[in-house]
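Engineer: Handing you a structure now.
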Amino acid sequence: MDTVDLHVHTTASDGTYTPGETVALAREIGLAAVAITDHDTGAGVEPALAAGRALGVEVIPGIELSAGYGSGGVHILGLFIDPDAAALRQALGWIVAERERRNREIVAAMAADGIPIRLERLRAAAGDGAVLGRPHIARWLAENGYVSAVSEAFDRYLGRGRPYYRPRRRIPLGDAVRCIRDAGGVAVIAHPYEYGFEGPAWEAFIRAAADAGCRGMECVYSGYTPDQIRALLDAAARYGLAVSGGSDFHGAVKPHIRLGWGVAGEVSVPASVLAGLRAAKF
Ligand SMILES: [Zn+2]
Ligand SMILES: [Zn+2]
């Protein structure tokens with residue numbers, strides 16, 4: 001069976017494989033297609049498309065947008081996007097400026113406490129086009145001996161309620177979906193069980209996302225059990241959403257997750273879902 005992975009991060013956001021390496025890995029493991037869905041940037045799409053053409057792997061241009069819903073944040077995947085579309089560029093510009101503002105606040109607070117972290121160094125280390133954020137700060141803290149692991153940096157310093165946590169404003173769910181659609185893409189609800197909603201609150205979220213224009217749902221995702229996947233497929237059918245699936249591969253920062261596989265082989269997504277997602281554009 002031909003399989004695909006429709007949720008993948010590269011060095012353009014917080015993954016550790018370059019777009020080219022990601023596509024090469026997709027070819028090595030025999031995936032029919034891979035979607036490049038970096039956080040709040042389409043910078044990895046062009047190099048991935050070039051690698052896909054050279055290696056004979058279908059690359060789907062994508063993005064993963066952080067959006068505001070209720071008092072928290074949710075993730076919306078955009079598949080088949082034009083990363084240069086004006087609507088998307090404008091939204092990404094706002095997101096980058098907002099993230100920069102928060103990075104500066106965090107680093108200034110650390111500097112005031114004598115931690116010699118410098119934004120310019122983080123930016124240079126992350127490379128051109130990378131979206132700098134808390135994962136980079138966490139990695140610096142680990143590499144410089146302030147914590148023993150990236151997860152500890154969040155637990156002790158950067159997570160909500162910790163001393164260097166700073167809130168970030170998000171684009172509202174409806175606006176995130178609209179700019180994906182204006183960029184020619186299909187908006188897909190990412191990892192629907194990662195937000196802590198249960199029962200009626202979960203149904204309300206799915207309904208709100210569908211009403212906002214989401215046309216697909218990630219029903220297969222790393223770590224989801226067969227029961228969870230079945231429940232998501234059922235919900236997708238109830239709300240008229242196309243089925244999507246992906247690993248959320250990040251390379252070495254999430255070493256337990258493998259491209260096109262997930263944690264234990266649960267991310268096995270038939271290439272046939274692509275037809276449904278493409279049809280959902282219209
Ligand atoms: Zn996500
Ligand atoms: Zn992701």
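Order determines the names: the first chain of the structure tokens is A, the second B, and so forth; residues in each chain are numbered 1 upward, and ligands are numbered 1 upward as they are shown.
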Could the residues that lie within 9 Å of ligand 2, counting only C-alpha atoms and all ligand atoms, be listed as a VMD selection string?
Structural biologist: chain A and resid 7 to 9 37 to 39 63 to 64 75 77 190 to 191 246 to 250
Engineer: Keeping N, CA and C atoms for every residue in the selection just given, could you write it to a file as a short mmCIF file (atom, residue, chain, number, x, y, z; two decimals), in the first residue's frame?
Structural biologist:
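New file out.cif:
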```cif
data_model
loop_
_atom_site.label_atom_id
_atom_site.label_comp_id
_atom_site.auth_asym_id
_atom_site.auth_seq_id
_atom_site.Cartn_x
_atom_site.Cartn_y
_atom_site.Cartn_z
N HIS A 7 2.17 15.59 7.86
CA HIS A 7 2.44 16.52 8.96
C HIS A 7 3.91 16.35 9.37
N VAL A 8 4.76 17.24 8.84
CA VAL A 8 6.21 17.07 9.00
C VAL A 8 6.88 18.42 9.18
N HIS A 9 7.79 18.50 10.15
CA HIS A 9 8.55 19.73 10.40
C HIS A 9 9.99 19.58 9.92
N THR A 37 5.02 20.90 6.74
CA THR A 37 4.08 21.74 7.50
C THR A 37 4.80 22.39 8.68
N ASP A 38 5.70 23.30 8.38
CA ASP A 38 6.43 23.96 9.46
C ASP A 38 5.54 24.97 10.20
N HIS A 39 5.91 25.22 11.46
CA HIS A 39 5.15 26.17 12.27
C HIS A 39 5.28 27.58 11.71
N ILE A 63 1.68 24.16 5.83
CA ILE A 63 2.05 25.02 6.96
C ILE A 63 1.25 24.55 8.18
N GLU A 64 1.74 24.84 9.37
CA GLU A 64 0.96 24.61 10.59
C GLU A 64 0.84 25.93 11.32
N HIS A 75 -3.83 24.24 16.75
CA HIS A 75 -3.03 24.21 15.52
C HIS A 75 -3.90 23.83 14.33
N LEU A 77 -3.55 22.94 10.26
CA LEU A 77 -2.66 22.65 9.14
C LEU A 77 -3.27 23.22 7.86
N ALA A 190 -5.45 20.06 13.24
CA ALA A 190 -4.30 19.23 13.61
C ALA A 190 -4.56 18.52 14.94
N HIS A 191 -3.99 17.34 15.09
CA HIS A 191 -4.00 16.55 16.34
C HIS A 191 -5.12 16.94 17.32
N GLY A 246 -0.79 12.28 9.83
CA GLY A 246 0.63 12.54 9.75
C GLY A 246 1.31 12.28 11.08
N SER A 247 2.64 12.25 11.03
CA SER A 247 3.40 11.86 12.22
C SER A 247 3.75 13.02 13.13
N ASP A 248 3.84 14.27 12.57
CA ASP A 248 4.40 15.41 13.30
C ASP A 248 5.90 15.17 13.56
N PHE A 249 6.53 14.56 12.56
CA PHE A 249 7.97 14.28 12.63
C PHE A 249 8.76 15.57 12.85
N HIS A 250 9.70 15.53 13.81
CA HIS A 250 10.58 16.68 14.10
C HIS A 250 12.05 16.30 14.06
#
```
Engineer: Skipping near chain neighbours, those fewer than 6 positions away, what residues fall within 12 Å of A:Arg181 using only C-alpha atoms, listed as a PyMOL selection string?
Structural biologist: chain A and resi 62-63+76-83+85-88+174-175+187-188+212-215+280-282
Engineer: Create the file for the chosen residues now, containing C-alpha atoms and written as a PDB file, in the first residue's frame.
Structural biologist:
```pdb
ATOM      1  CA  GLY A  62       1.900  23.103   3.719  1.00  0.00           C
ATOM      2  CA  ILE A  63       2.047  25.017   6.961  1.00  0.00           C
ATOM      3  CA  ILE A  76      -4.472  24.310  12.026  1.00  0.00           C
ATOM      4  CA  LEU A  77      -2.660  22.651   9.139  1.00  0.00           C
ATOM      5  CA  GLY A  78      -2.837  24.184   5.688  1.00  0.00           C
ATOM      6  CA  LEU A  79      -2.234  21.715   2.849  1.00  0.00           C
ATOM      7  CA  PHE A  80      -1.712  22.567  -0.845  1.00  0.00           C
ATOM      8  CA  ILE A  81      -0.971  26.207   0.010  1.00  0.00           C
ATOM      9  CA  ASP A  82       0.850  28.781  -2.066  1.00  0.00           C
ATOM     10  CA  PRO A  83       3.422  29.920   0.522  1.00  0.00           C
ATOM     11  CA  ALA A  85       0.165  34.190  -1.296  1.00  0.00           C
ATOM     12  CA  ALA A  86      -0.355  37.743  -0.037  1.00  0.00           C
ATOM     13  CA  ALA A  87      -2.928  36.826   2.643  1.00  0.00           C
ATOM     14  CA  LEU A  88      -0.628  34.225   4.128  1.00  0.00           C
ATOM     15  CA  GLY A 174     -11.353  32.044  11.835  1.00  0.00           C
ATOM     16  CA  ASP A 175      -8.592  34.297  10.489  1.00  0.00           C
ATOM     17  CA  ALA A 187      -7.477  23.877   6.343  1.00  0.00           C
ATOM     18  CA  VAL A 188      -7.138  20.743   8.485  1.00  0.00           C
ATOM     19  CA  ALA A 212     -14.784  28.518  10.393  1.00  0.00           C
ATOM     20  CA  GLY A 213     -13.983  26.689   7.155  1.00  0.00           C
ATOM     21  CA  CYS A 214     -11.787  23.748   8.152  1.00  0.00           C
ATOM     22  CA  ARG A 215     -12.404  21.015   5.596  1.00  0.00           C
ATOM     23  CA  ALA A 280     -12.187  19.382  -0.082  1.00  0.00           C
ATOM     24  CA  LYS A 281     -10.568  22.508  -1.556  1.00  0.00           C
ATOM     25  CA  PHE A 282     -13.703  23.238  -3.521  1.00  0.00           C
TER      26      PHE A 282
END
```
Engineer: So that I can check the surroundings of A:Ile137, please list as a ChimeraX atom specification every protein, DNA and RNA residue that reaches within 12 Å of it, counting only C-alpha atoms and ignoring chain neighbours fewer than 5 positions away.
Structural biologist: /A:14,102-104,106-107,110,115-123,125-126,131-132,142-144,146-147,149-154,157-159,164-165
Engineer: Go ahead and write the selection's residues with C-alpha atoms as a PDB file, in the first residue's frame.
Structural biologist:
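Now in selection.pdb:
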```pdb
ATOM      1  CA  ASP A  14      11.806  23.423  14.932  1.00  0.00           C
ATOM      2  CA  ARG A 102       7.950  37.675  23.039  1.00  0.00           C
ATOM      3  CA  ASN A 103      11.469  36.333  22.386  1.00  0.00           C
ATOM      4  CA  ARG A 104      12.891  39.753  23.273  1.00  0.00           C
ATOM      5  CA  ILE A 106      12.009  36.378  27.544  1.00  0.00           C
ATOM      6  CA  VAL A 107      15.672  36.994  26.748  1.00  0.00           C
ATOM      7  CA  MET A 110      16.859  36.134  31.546  1.00  0.00           C
ATOM      8  CA  ILE A 115      21.802  34.407  32.076  1.00  0.00           C
ATOM      9  CA  PRO A 116      24.001  35.452  29.103  1.00  0.00           C
ATOM     10  CA  ILE A 117      21.660  34.424  26.290  1.00  0.00           C
ATOM     11  CA  ARG A 118      21.706  36.542  23.093  1.00  0.00           C
ATOM     12  CA  LEU A 119      18.950  36.599  20.473  1.00  0.00           C
ATOM     13  CA  GLU A 120      21.394  37.296  17.629  1.00  0.00           C
ATOM     14  CA  ARG A 121      23.357  34.146  18.491  1.00  0.00           C
ATOM     15  CA  LEU A 122      20.188  32.050  18.585  1.00  0.00           C
ATOM     16  CA  ARG A 123      19.177  33.465  15.218  1.00  0.00           C
ATOM     17  CA  ALA A 125      22.539  29.189  15.034  1.00  0.00           C
ATOM     18  CA  ALA A 126      18.984  28.556  13.779  1.00  0.00           C
ATOM     19  CA  VAL A 131      11.179  30.926  13.008  1.00  0.00           C
ATOM     20  CA  LEU A 132      12.838  31.547  16.331  1.00  0.00           C
ATOM     21  CA  ALA A 142      20.268  22.739  27.654  1.00  0.00           C
ATOM     22  CA  GLU A 143      23.441  23.205  25.603  1.00  0.00           C
ATOM     23  CA  ASN A 144      24.800  25.683  28.133  1.00  0.00           C
ATOM     24  CA  TYR A 146      21.274  25.454  32.738  1.00  0.00           C
ATOM     25  CA  VAL A 147      19.086  22.364  32.358  1.00  0.00           C
ATOM     26  CA  ALA A 149      17.188  18.539  28.687  1.00  0.00           C
ATOM     27  CA  VAL A 150      14.937  20.705  26.526  1.00  0.00           C
ATOM     28  CA  SER A 151      11.851  19.413  28.350  1.00  0.00           C
ATOM     29  CA  GLU A 152      13.331  20.539  31.675  1.00  0.00           C
ATOM     30  CA  ALA A 153      13.802  24.047  30.249  1.00  0.00           C
ATOM     31  CA  PHE A 154      10.041  24.219  29.693  1.00  0.00           C
ATOM     32  CA  TYR A 157      11.700  28.210  33.051  1.00  0.00           C
ATOM     33  CA  LEU A 158       9.635  28.633  29.902  1.00  0.00           C
ATOM     34  CA  GLY A 159       6.327  26.829  30.402  1.00  0.00           C
ATOM     35  CA  TYR A 164      10.264  33.217  32.011  1.00  0.00           C
ATOM     36  CA  TYR A 165       6.879  32.413  30.536  1.00  0.00           C
TER      37      TYR A 165
END
```
Engineer: Show which residues sit within 9 Å of A:Leu274, as a PDB file with N, CA and C atoms, in the first residue's frame. Count only C-alpha atoms, and ignore same-chain residues fewer than 6 positions away.
Structural biologist:
```pdb
ATOM      1  N   VAL A   4       1.486   7.945   2.887  1.00  0.00           N
ATOM      2  CA  VAL A   4       1.925   9.338   2.875  1.00  0.00           C
ATOM      3  C   VAL A   4       2.074   9.811   4.323  1.00  0.00           C
ATOM      4  N   VAL A 243     -10.398  13.185   5.613  1.00  0.00           N
ATOM      5  CA  VAL A 243      -9.462  12.528   6.535  1.00  0.00           C
ATOM      6  C   VAL A 243      -8.025  12.883   6.155  1.00  0.00           C
ATOM      7  N   SER A 244      -7.247  13.255   7.175  1.00  0.00           N
ATOM      8  CA  SER A 244      -5.817  13.456   6.972  1.00  0.00           C
ATOM      9  C   SER A 244      -5.064  12.687   8.053  1.00  0.00           C
TER      10      SER A 244
END
```
Engineer: Hey, what's within 10 Å of stretch 193-196 of chain A if we count only C-alpha atoms and toss same-chain stuff fewer than 3 positions away? As a PyMOL selection string, please?
Structural biologist: chain A and resi 72-75+190+201-202+205+218-219+221+224+228+232
Engineer: I need the residue nearest ligand 1 from this list: A:Ile206, A:Ala97, A:Ala24, A:Ile189. Use only C-alpha atoms and all ligand atoms for the distance.
Structural biologist: A:Ile189
Engineer: Select, from A:Ser66, A:Thr225, A:Thr18, A:Ser71, the residue with the minimum atom-to-atom distance to ligand 1, counting only C-alpha atoms and all ligand atoms.
Structural biologist: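 Between A:Ser66, A:Thr225, A:Thr18, A:Ser71, the residue approaching ligand 1 most closely is A:Ser66.
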Engineer: Using only C-alpha atoms, pick whichever of A:Ala111, A:Ala48, A:Leu259, A:Ile60 has the shortest atom-to-atom distance to A:Ile29.
Structural biologist: A:Leu259
Engineer: In Å, rounded to a single decimal, give me how far atom CA of A:Arg99 is from atom CA of A:Ser13.
Structural biologist: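 Interatomic distance here is 12.7 Å.
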Engineer: So which residues touch A:Glu266 within 8 Å, counting only C-alpha atoms, skipping near sequence neighbours fewer than 3 positions away, as number ranges by chain?
Structural biologist: A: 220-226, 261-263
Engineer: For the selection you just gave me, I'd like the residues written to a file as a PDB file, in the first residue's frame, keeping C-alpha atoms.
Structural biologist:
```pdb
ATOM      1  CA  VAL A 220      -4.219   9.493  12.325  1.00  0.00           C
ATOM      2  CA  TYR A 221      -1.450  10.933  14.496  1.00  0.00           C
ATOM      3  CA  SER A 222       1.590   9.748  16.430  1.00  0.00           C
ATOM      4  CA  GLY A 223       0.611   8.044  19.672  1.00  0.00           C
ATOM      5  CA  TYR A 224      -3.120   7.808  18.922  1.00  0.00           C
ATOM      6  CA  THR A 225      -4.650   4.438  19.746  1.00  0.00           C
ATOM      7  CA  PRO A 226      -6.830   2.434  17.331  1.00  0.00           C
ATOM      8  CA  TRP A 261       5.497   5.557  11.036  1.00  0.00           C
ATOM      9  CA  GLY A 262       4.750   7.476  14.236  1.00  0.00           C
ATOM     10  CA  VAL A 263       5.706   5.812  17.502  1.00  0.00           C
TER      11      VAL A 263
END
```
Engineer: DSSP on the backbone: what in stretch 38-197 of chain A comes out alpha helix (DSSP H), as a VMD selection string?
Structural biologist: chain A and resid 45 to 55 86 to 112 119 to 126 134 to 143 150 to 153 173 to 182
Engineer: Can you list, as a PyMOL selection string, every protein, DNA or RNA residue that comes within 8 Å of A:Ile171 when you count only C-alpha atoms, leaving out same-chain residues fewer than 5 positions away?
Structural biologist: chain A and resi 66-68+91+95+176
Engineer: Okay, now the selection with N, CA and C atoms, as a JSON list (two decimals), in the first residue's frame?
Structural biologist:
```
[["chain", "number", "residue", "atom", "x", "y", "z"],
["A", 66, "SER", "N", -0.52, 28.43, 14.30],
["A", 66, "SER", "CA", -1.01, 28.50, 15.68],
["A", 66, "SER", "C", -2.13, 29.53, 15.69],
["A", 67, "ALA", "N", -3.29, 29.15, 16.21],
["A", 67, "ALA", "CA", -4.43, 30.06, 16.20],
["A", 67, "ALA", "C", -5.04, 30.12, 17.58],
["A", 68, "GLY", "N", -5.70, 31.23, 17.86],
["A", 68, "GLY", "CA", -6.36, 31.38, 19.15],
["A", 68, "GLY", "C", -7.75, 30.79, 19.11],
["A", 91, "ALA", "N", -0.30, 37.49, 7.29],
["A", 91, "ALA", "CA", -0.55, 36.85, 8.59],
["A", 91, "ALA", "C", 0.76, 36.37, 9.21],
["A", 95, "ILE", "N", 2.58, 37.26, 12.80],
["A", 95, "ILE", "CA", 2.96, 36.21, 13.76],
["A", 95, "ILE", "C", 4.44, 36.32, 14.12],
["A", 176, "ALA", "N", -7.09, 32.40, 10.82],
["A", 176, "ALA", "CA", -6.08, 31.42, 10.40],
["A", 176, "ALA", "C", -6.63, 30.56, 9.26]]
```
Engineer: For each of A:Gly56, A:Gly70, A:Gly185, A:Pro172, take the minimum atom-to-atom distance to A:Glu28, counting only C-alpha atoms, then give the residue where this is smallest.
Structural biologist: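 Closest to A:Glu28 of all the choices is A:Gly56.
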Engineer: In stretch 163-278 of chain A, what's strand (DSSP E) per DSSP? Answer as a VMD selection string?
Structural biologist: chain A and resid 171 to 172 186 to 189 216 to 221 242 to 246 269 to 270
Engineer: Please produce a file of those selected residues containing C-alpha atoms, as a PDB file, in the first residue's frame.
Structural biologist:
```pdb
ATOM      1  CA  ILE A 171      -4.446  35.086  15.263  1.00  0.00           C
ATOM      2  CA  PRO A 172      -8.046  33.967  15.829  1.00  0.00           C
ATOM      3  CA  VAL A 186      -7.270  23.151   2.602  1.00  0.00           C
ATOM      4  CA  ALA A 187      -7.477  23.877   6.343  1.00  0.00           C
ATOM      5  CA  VAL A 188      -7.138  20.743   8.485  1.00  0.00           C
ATOM      6  CA  ILE A 189      -7.644  20.472  12.259  1.00  0.00           C
ATOM      7  CA  GLY A 216     -10.229  18.229   6.979  1.00  0.00           C
ATOM      8  CA  MET A 217      -9.209  16.595  10.244  1.00  0.00           C
ATOM      9  CA  GLU A 218      -6.030  14.808  11.258  1.00  0.00           C
ATOM     10  CA  CYS A 219      -7.496  11.438  12.257  1.00  0.00           C
ATOM     11  CA  VAL A 220      -4.219   9.493  12.325  1.00  0.00           C
ATOM     12  CA  TYR A 221      -1.450  10.933  14.496  1.00  0.00           C
ATOM     13  CA  ALA A 242     -11.830  14.952   4.811  1.00  0.00           C
ATOM     14  CA  VAL A 243      -9.462  12.528   6.535  1.00  0.00           C
ATOM     15  CA  SER A 244      -5.817  13.456   6.972  1.00  0.00           C
ATOM     16  CA  GLY A 245      -2.969  11.911   8.903  1.00  0.00           C
ATOM     17  CA  GLY A 246       0.635  12.543   9.747  1.00  0.00           C
ATOM     18  CA  VAL A 269      -1.856   6.851   6.042  1.00  0.00           C
ATOM     19  CA  PRO A 270      -3.003   5.547   2.653  1.00  0.00           C
TER      20      PRO A 270
END
```
Engineer: So what do you get for atom CA of A:Arg101 versus atom CA of A:Gly133, distance-wise?
Structural biologist: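 If I compute the distance from atom CA of A:Arg101 to atom CA of A:Gly133, I get 10.4 Å.
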